[in-house]
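Engineer: Following this line is upload-v3.csv, made up of CSV, C-alpha atoms:
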chain,number,residue,atom,x,y,z
A,1,MET,CA,0.0,0.0,0.0
A,2,ILE,CA,2.7,2.5,1.0
A,3,GLY,CA,5.1,3.4,-1.8
A,4,ASN,CA,3.3,1.9,-4.8
A,5,THR,CA,3.5,5.4,-6.3
A,6,LEU,CA,6.7,7.3,-5.6
A,7,ILE,CA,7.2,10.9,-6.6
A,8,GLU,CA,10.9,12.0,-6.6
A,9,LEU,CA,11.7,15.7,-6.3
A,10,ASP,CA,15.1,17.3,-6.6
A,11,ARG,CA,14.1,20.3,-4.5
A,12,VAL,CA,10.9,21.4,-2.8
A,13,ASP,CA,9.8,23.8,-0.1
A,14,SER,CA,8.2,21.0,2.0
A,15,THR,CA,7.1,17.5,1.1
A,16,ASN,CA,4.0,18.0,3.3
A,17,GLU,CA,3.1,21.2,1.5
A,18,TYR,CA,3.7,19.5,-1.9
A,19,ALA,CA,1.4,16.7,-0.7
A,20,ASN,CA,-1.2,19.1,0.4
A,21,ARG,CA,-1.3,20.7,-3.0
A,22,MET,CA,-2.1,17.2,-4.5
A,23,LEU,CA,-5.2,16.5,-2.4
A,24,ASN,CA,-7.7,17.9,-4.9
A,25,ARG,CA,-6.7,15.2,-7.5
A,26,ASP,CA,-9.4,12.6,-8.1
A,27,ASP,CA,-6.8,9.9,-9.1
A,28,LEU,CA,-4.8,10.1,-5.8
A,29,ASP,CA,-4.0,6.7,-4.5
A,30,ASP,CA,-3.7,5.6,-0.9
A,31,GLY,CA,0.0,5.4,0.0
A,32,VAL,CA,1.6,7.9,-2.4
A,33,VAL,CA,5.1,8.8,-1.3
A,34,ILE,CA,6.7,12.2,-2.1
A,35,TRP,CA,10.5,12.0,-1.6
A,36,ALA,CA,12.7,15.1,-1.9
A,37,TYR,CA,16.5,15.2,-2.1
A,38,ASP,CA,16.5,18.8,-0.9
A,39,GLN,CA,13.7,20.2,1.3
A,40,TYR,CA,14.5,23.9,2.0
A,41,SER,CA,11.5,24.8,4.1
A,42,GLY,CA,10.7,21.6,6.0
A,43,LYS,CA,8.2,21.7,8.9
A,44,GLY,CA,8.3,20.1,12.3
A,45,GLN,CA,5.9,20.3,15.2
A,46,GLN,CA,4.4,23.6,16.2
A,47,GLN,CA,5.7,25.3,13.0
A,48,HIS,CA,9.3,24.6,13.9
A,49,ALA,CA,11.7,24.2,11.0
A,50,TRP,CA,13.1,20.8,10.1
A,51,GLN,CA,16.7,21.3,8.9
A,52,SER,CA,18.3,18.7,6.6
A,53,GLU,CA,21.4,18.8,4.4
A,54,ALA,CA,20.5,18.3,0.7
A,55,GLY,CA,21.1,14.7,-0.5
A,56,LYS,CA,22.1,13.4,2.9
A,57,ASN,CA,18.9,12.4,4.6
A,58,LEU,CA,15.4,11.1,4.1
A,59,THR,CA,12.7,13.8,3.9
A,60,LEU,CA,9.4,12.4,2.7
A,61,THR,CA,5.7,12.5,3.0
A,62,VAL,CA,3.2,9.6,2.8
A,63,ILE,CA,-0.4,10.4,1.7
A,64,LEU,CA,-2.8,8.1,3.4
A,65,LYS,CA,-6.6,7.7,3.4
A,66,PRO,CA,-7.3,6.3,6.9
A,67,TRP,CA,-11.1,6.4,6.5
A,68,PHE,CA,-11.4,3.5,9.0
A,69,LEU,CA,-10.3,5.8,11.8
A,70,SER,CA,-12.6,8.2,13.6
A,71,PRO,CA,-11.1,11.5,14.7
A,72,ASP,CA,-11.0,10.4,18.4
A,73,ARG,CA,-8.7,7.5,17.3
A,74,GLN,CA,-6.3,9.5,15.1
A,75,PHE,CA,-3.4,9.0,17.5
A,76,GLN,CA,-3.4,5.3,16.6
A,77,LEU,CA,-2.0,6.3,13.2
A,78,ASN,CA,0.7,8.2,14.9
A,79,LYS,CA,1.6,5.1,16.9
A,80,ALA,CA,1.7,2.8,13.9
A,81,ILE,CA,3.8,5.1,11.8
A,82,THR,CA,6.2,5.9,14.6
A,83,LEU,CA,6.7,2.2,15.4
A,84,GLY,CA,7.3,1.6,11.7
A,85,VAL,CA,10.2,4.1,11.8
A,86,VAL,CA,11.6,2.5,14.9
A,87,ASP,CA,11.4,-0.9,13.2
A,88,PHE,CA,13.4,0.4,10.3
A,89,ILE,CA,16.1,1.9,12.5
A,90,ARG,CA,16.4,-1.3,14.5
A,91,LYS,CA,16.6,-3.3,11.3
A,92,SER,CA,19.4,-1.0,10.1
A,93,LEU,CA,21.4,-0.5,13.3
A,94,GLY,CA,20.9,-3.6,15.3
A,95,SER,CA,21.3,-3.2,19.1
A,96,VAL,CA,21.6,0.6,19.2
A,97,PRO,CA,19.0,1.9,21.7
A,98,VAL,CA,16.1,3.6,19.9
A,99,SER,CA,13.1,5.1,21.5
A,100,ILE,CA,10.1,7.5,20.9
A,101,LYS,CA,10.3,10.8,22.6
A,102,TRP,CA,6.6,11.6,22.9
A,103,PRO,CA,4.8,12.5,20.8
A,104,ASN,CA,6.8,11.8,17.7
A,105,ASP,CA,10.5,12.4,17.9
A,106,ILE,CA,12.8,9.4,17.3
A,107,TYR,CA,15.9,9.1,19.6
A,108,LEU,CA,19.1,7.2,19.5
A,109,GLY,CA,20.2,7.1,23.1
A,110,SER,CA,19.6,10.7,24.3
A,111,LEU,CA,20.0,12.3,20.8
A,112,LYS,CA,17.4,13.0,18.1
A,113,VAL,CA,17.7,11.2,14.8
A,114,GLY,CA,14.3,11.9,13.4
A,115,GLY,CA,10.9,13.5,13.6
A,116,ILE,CA,7.4,12.9,12.3
A,117,LEU,CA,4.7,15.4,11.5
A,118,ILE,CA,1.2,14.1,10.8
A,119,GLU,CA,-1.4,16.5,9.4
A,120,ASN,CA,-4.9,15.1,9.3
A,121,ARG,CA,-7.9,16.3,7.3
A,122,ILE,CA,-11.2,15.3,8.8
A,123,LEU,CA,-14.4,14.8,6.9
A,124,GLY,CA,-17.5,14.3,9.0
A,125,ASN,CA,-16.7,11.5,11.5
A,126,ARG,CA,-13.8,10.1,9.6
A,127,LEU,CA,-10.2,10.9,8.7
A,128,GLU,CA,-10.2,11.8,5.0
A,129,TYR,CA,-6.5,12.2,4.5
A,130,ALA,CA,-3.4,12.1,6.6
A,131,LEU,CA,-0.1,13.7,5.4
A,132,VAL,CA,2.6,11.8,7.2
A,133,GLY,CA,5.8,13.8,7.0
A,134,ILE,CA,9.0,12.0,8.1
A,135,GLY,CA,12.5,13.4,8.5
A,136,LEU,CA,15.4,11.0,9.3
A,137,ASN,CA,19.0,11.9,9.6
A,138,ILE,CA,20.9,9.3,7.6
A,139,ASN,CA,24.3,10.5,6.3
A,140,GLN,CA,24.6,14.0,7.6
A,141,ILE,CA,27.7,14.4,9.8
A,142,THR,CA,27.6,18.0,10.9
A,143,PHE,CA,24.6,20.1,12.0
A,144,ASP,CA,23.7,23.7,12.7
A,145,GLY,CA,25.0,24.5,16.2
A,146,ALA,CA,21.6,25.9,17.2
A,147,LEU,CA,20.1,22.4,17.1
A,148,PRO,CA,20.1,21.0,20.6
A,149,ASN,CA,20.9,17.3,20.2
A,150,PRO,CA,21.0,15.9,16.6
A,151,ILE,CA,22.5,12.7,15.5
A,152,SER,CA,22.6,10.6,12.3
A,153,MET,CA,22.5,6.9,11.6
A,154,ILE,CA,25.9,7.2,10.0
A,155,HIS,CA,27.4,8.0,13.5
A,156,HIS,CA,26.6,4.4,14.5
A,157,LEU,CA,27.0,2.7,11.1
A,158,ARG,CA,30.4,4.4,10.4
A,159,HIS,CA,29.6,4.3,6.7
A,160,GLU,CA,27.0,6.0,4.4
A,161,MET,CA,23.7,4.3,3.6
A,162,LYS,CA,22.4,4.4,0.1
A,163,LEU,CA,19.3,6.6,0.4
A,164,ARG,CA,17.2,4.7,-2.2
A,165,GLU,CA,17.8,1.4,-0.4
A,166,ALA,CA,17.1,3.1,3.0
A,167,LEU,CA,13.9,4.5,1.6
A,168,HIS,CA,12.8,1.2,0.3
A,169,SER,CA,13.5,-0.5,3.7
A,170,LEU,CA,11.7,2.3,5.6
A,171,LEU,CA,8.6,2.0,3.4
A,172,ILE,CA,8.4,-1.7,3.9
A,173,SER,CA,8.4,-1.2,7.7
A,174,LEU,CA,5.8,1.5,7.5
A,175,ASP,CA,3.6,-0.6,5.2
A,176,LEU,CA,3.7,-3.6,7.6
A,177,ARG,CA,2.5,-1.4,10.5
A,178,TYR,CA,-0.1,0.4,8.5
A,179,ARG,CA,-1.6,-2.8,7.0
A,180,LYS,CA,-2.1,-4.1,10.6
A,181,LEU,CA,-3.9,-0.9,11.5
A,182,VAL,CA,-6.1,-1.1,8.4
A,183,GLN,CA,-6.9,-4.7,9.1
A,184,ASP,CA,-7.5,-4.0,12.8
A,185,GLU,CA,-4.7,-6.5,13.7
A,186,SER,CA,-2.8,-4.1,16.0
A,187,ALA,CA,-4.0,-5.3,19.3
A,188,ASP,CA,-0.6,-4.8,20.9
A,189,LEU,CA,-0.1,-1.4,19.4
A,190,ASP,CA,-0.8,0.6,22.6
A,191,GLU,CA,1.5,-1.5,24.8
A,192,GLU,CA,4.2,-1.7,22.3
A,193,PHE,CA,4.2,2.1,21.8
A,194,ASN,CA,4.3,2.7,25.5
A,195,GLN,CA,7.2,0.2,26.0
A,196,ASN,CA,9.2,2.1,23.4
A,197,LEU,CA,8.6,5.6,24.9
A,198,PHE,CA,11.8,7.4,25.9
A,199,GLY,CA,12.1,7.2,29.7
A,200,PHE,CA,9.1,4.8,30.1
A,201,GLY,CA,8.7,3.7,33.7
A,202,GLN,CA,11.8,5.7,34.8
A,203,TRP,CA,11.7,8.4,37.5
A,204,ARG,CA,12.7,11.6,35.7
A,205,ARG,CA,12.4,15.3,35.9
A,206,PHE,CA,9.7,17.2,33.9
A,207,SER,CA,8.5,20.8,33.7
A,208,LYS,CA,4.9,22.0,33.6
A,209,GLY,CA,5.2,25.6,32.6
A,210,ASN,CA,8.1,26.7,34.6
A,211,GLU,CA,7.4,24.3,37.5
A,212,PRO,CA,9.7,21.3,37.6
A,213,PHE,CA,8.4,18.0,39.1
A,214,GLU,CA,9.5,14.4,39.3
A,215,GLY,CA,7.4,11.6,37.8
A,216,ARG,CA,7.5,8.5,35.7
A,217,ILE,CA,5.8,7.9,32.3
A,218,ARG,CA,3.0,5.4,32.5
A,219,GLY,CA,2.0,5.6,28.9
A,220,VAL,CA,-0.2,7.5,26.4
A,221,ASP,CA,-4.0,7.6,26.7
A,222,GLU,CA,-6.5,7.2,23.8
A,223,CYS,CA,-6.4,10.9,23.1
A,224,GLY,CA,-2.6,10.9,22.6
A,225,ARG,CA,-1.9,12.6,25.9
A,226,LEU,CA,1.3,11.7,27.9
A,227,CYS,CA,0.4,10.3,31.3
A,228,ILE,CA,2.9,10.8,34.1
A,229,GLU,CA,2.7,9.4,37.6
A,230,THR,CA,3.9,11.8,40.3
A,231,GLY,CA,5.6,11.0,43.6
A,232,ASP,CA,2.3,11.0,45.5
A,233,GLY,CA,0.7,8.5,43.1
A,234,GLU,CA,-1.4,11.0,41.1
A,235,ILE,CA,-1.6,10.4,37.3
A,236,LEU,CA,-1.4,13.6,35.3
A,237,CYS,CA,-2.1,13.6,31.5
A,238,PHE,CA,-0.7,16.3,29.2
A,239,HIS,CA,-1.3,17.4,25.6
A,240,HIS,CA,1.7,18.3,23.5
A,241,LYS,CA,3.7,21.3,24.8
A,242,GLU,CA,2.0,21.2,28.2
A,243,VAL,CA,4.9,19.3,29.6
A,244,GLU,CA,8.6,19.1,28.8
A,245,TYR,CA,11.3,16.6,29.6
A,246,ILE,CA,14.2,17.9,31.6
A,247,LEU,CA,17.0,16.0,29.9
Write out the structure in this file as structure tokens.

Structural biologist:
Amino acid sequence: MIGNTLIELDRVDSTNEYANRMLNRDDLDDGVVIWAYDQYSGKGQQQHAWQSEAGKNLTLTVILKPWFLSPDRQFQLNKAITLGVVDFIRKSLGSVPVSIKWPNDIYLGSLKVGGILIENRILGNRLEYALVGIGLNINQITFDGALPNPISMIHHLRHEMKLREALHSLLISLDLRYRKLVQDESADLDEEFNQNLFGFGQWRRFSKGNEPFEGRIRGVDECGRLCIETGDGEILCFHHKEVEYIL
């Protein structure tokens, strides 16, 4: 399903923006992939920019039609896609510790190797389209000093990956996860996502506004909120940007 149609671009502002401009086409298939060698205005969460050296990394968007998901279950797509990216990295790197920093950053150890931005279009009580933007650092060695903690897969592999082969492998991993979601065969999705969360079950420091507190992640609820147990046993659940990790 994912990758049967592949659109390759030399240079584009943002693969998500390019995908958004395609949505009025009647012949648009489920699983179209837009892959850009150079993305000069990539987007991350909360309108943050996604920086990527041209020709070194994977920057792509998958157009999906998850009509089977109601809006209140849309975070299930996030879980499936994110785990697909984790599957690809584990397949490529072996035993290197990889985790999901909620809601959708991918970490190698304590460093960020990738990010996911999913933009949903809702029609009635169903998801009409989902634009799944993925940025993965593959072969880039040096980064803008303003970025807090970037890393590439090359830092662990010690050699460059062929981007086309990496893309093919990634799409296979995504397709497997998405098919299970479509066929409602992802019974273990919630538990598996929780188990792969960065810092899951560990006592760590967080910040709510400017107020630090200690807690441990208990998982993510059906709305996609991060649930943290505090020292007195209370469970607090947060939307994106309502709480921050103190790394």

Engineer: Which residues are near Glu211 (chain A)? Cut-off 12 Å, all atoms listed in the file, ignore same chain within fewer than 5 positions. Put them as a ChimeraX atom specification.

Structural biologist: /A:205-206,242-246

Engineer: So which residues touch region 30-42 of chain A within 9 Å, counting all atoms listed in the file, skipping near sequence neighbours fewer than 5 positions away, as an MDAnalysis selection string?

Structural biologist: chainID A and resid 1:19 48:66 129 135 167 171 175

Engineer: Between CA of His239 (chain A) and CA of Ile134 (chain A), what is the distance in Å, rounded to a tenth?

Structural biologist: 21.0 Å

Engineer: Provide the CA of His159 (chain A) to CA of Asn139 (chain A) distance in Å, to one decimal place.

Structural biologist: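 If I compute the distance from CA of His159 (chain A) to CA of Asn139 (chain A), I get 8.2 Å.
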
Engineer: So the first atom is CA of Leu157 (chain A) and the second is CA of Gln202 (chain A); what is the distance between them in Å, to one decimal place?

Structural biologist: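 CA of Leu157 (chain A) sits 28.3 Å away from CA of Gln202 (chain A).
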
Engineer: Pick out the residues sitting within 12 Å of Leu77 (chain A), and hand them over as a PyMOL selection string; count all atoms listed in the file, and ignore anything fewer than 6 positions along from it in its own chain.

Structural biologist: chain A and resi 64-71+83-84+103-104+116-120+127+129-132+174-175+177-182+184+186+189-190+193+222-224

Engineer: Go through A:Met153, A:Cys227, A:Arg126, A:Asn78 one by one, measure the shortest atom-to-atom distance of each to Gly94 (chain A) using all atoms listed in the file, and give the residue with the smallest value.

Structural biologist: A:Met153

Engineer: Kindly indicate which residue among A:Leu170, A:Leu28, A:Gly124, A:Asn137 lies nearest to Thr82 (chain A), using only C-alpha atoms for the distances.

Structural biologist: A:Leu170

Engineer: Write out as a VMD selection string each polymer residue whose atoms come within 12 Å of region 150-152 of chain A, counting only C-alpha atoms; drop sequence neighbours fewer than 3 positions from it.

Structural biologist: chain A and resid 50 to 53 56 to 58 89 93 98 105 to 115 135 to 147 155 to 161
